[in-house]
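S.K.: Please read through the structure below; I'll follow up with questions.
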Amino acid sequence: MNNQESGAKQKGYRRIIPSMTALLQFESVARLNSFTLAGKELGVSQAAVSKQIKLLEDNVGVQLFQRMHRNIYLTEAGETLFAIISDALQNIASGFDQVVQGSEKEEIVLASTAPVSQFRIMPRINTLVDALPHVRLRLSTQMFSGGLRAPDYDMDIRFGNGHWPDGESILLFEEEVFPVCSPAWLARNPMPSTLEELARAGLLDADSTSEGWVTWPSWFKELGMPSGRLNINLRSSLYTDVIHAALNGYGIALGWGRMVDHYIDSGALVKLEPFVVRPKDSYYLVLPNGHTVTPSVTAIVQWLQSKAVPVTNQLVRE
């Protein structure tokens, strides 16, 4: 393609694609779930961000966010656009790395949902150099599991039955789900000894966002007890918020064992015995069709499976 043809194609894109400023601000708001935090990240006012998002919604002709009194939520169209923009920005960043500074290391793009990224990957990130000295990891974190099926990832972490048509699955670990709370909460409240007492305690619940996700009603049902009227202190669309609320002593959350094991080991969270549900699904590392199991893939699997967490990364609350 000559320069004239390339220029014509770029002009065509500009007629279709809205303002890049608006797209960047939209990505920041969707990722941070806040107009205010996005403004701080981008160095502009909250009002300026809100105006750009409104102009973007007017441009595309659909609502991208549902604005509540204190919270905002992506609409279905917003989730679709966020997944597309996140992928595009990851590709652009990777391209700049290759052009500007090059790389002697092998770059691997690993996709996951926010709970896996925050609670499984980040606590172990300091061990990455020892486990994978020849690899530079690029993390692509999605809000929900539906955004993980894209060909631009080298691998992604999914929760399910291990059967997906777009790739080969390698078992990482099975899961178990049990109540957790902070020592501070236990100091103020009696330890629940029955399911009935647990149902009346202050519970923290997250919305079901993927197949197999366990919420308090489905958890009680698995143990053979109708949930009835549960005493819910907090309900959130994000599981990460629920765990942080538990860490801050606000109530009892459902702890996914492989996500919160480092909090339990450090004493920041307490596992309430003997209540436990073992989901039929598990966590898998998925390689897109056409990718092979290389030594790097094997090393990443072992790294993700590792229980070891540096002591400096363990959050301990007095």
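Here, A, B, ... name the chains of the structure tokens in the order displayed, residue numbers run from 1 inside each chain, and ligands are numbered from 1 in the same displayed order.
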Name the residues of range 58-219 of chain A that fall into helix (DSSP H, G or I) according to DSSP on the backbone, using the chain letters and numbers of this document, as a PyMOL selection string.
M.R.: chain A and resi 58-60+76-101+114-131+145-148+183-188+195-200+216-219
S.K.: When DSSP works through the backbone of this structure, what residues of range 56-214 of chain A end up as strand (DSSP E), shown as a PyMOL selection string?
M.R.: chain A and resi 65-67+72-74+106-113+135-142+155-160+167-174+177-181+203-206
S.K.: Select, from A:Leu42, A:His134, A:Thr113, A:Thr141, the residue with the minimum atom-to-atom distance to Gln90 in chain A, counting only C-alpha atoms.
M.R.: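 The shortest atom-to-atom distance to Gln90 in chain A comes from A:Thr141.
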S.K.: Would you please work out which residue, of A:Trp185, A:Ile252, A:Ser169, A:Val270, is nearest to Arg200 in chain A when using only C-alpha atoms?
M.R.: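 That would be A:Ile252, the residue with the smallest distance to Arg200 in chain A.
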S.K.: Would you pick out the contacts of Glu107 in chain A at 8 Å or less, using only C-alpha atoms, so that residues sharing its chain but fewer than 3 positions from it are not included, and give the list as a PyMOL selection string?
M.R.: chain A and resi 135-138
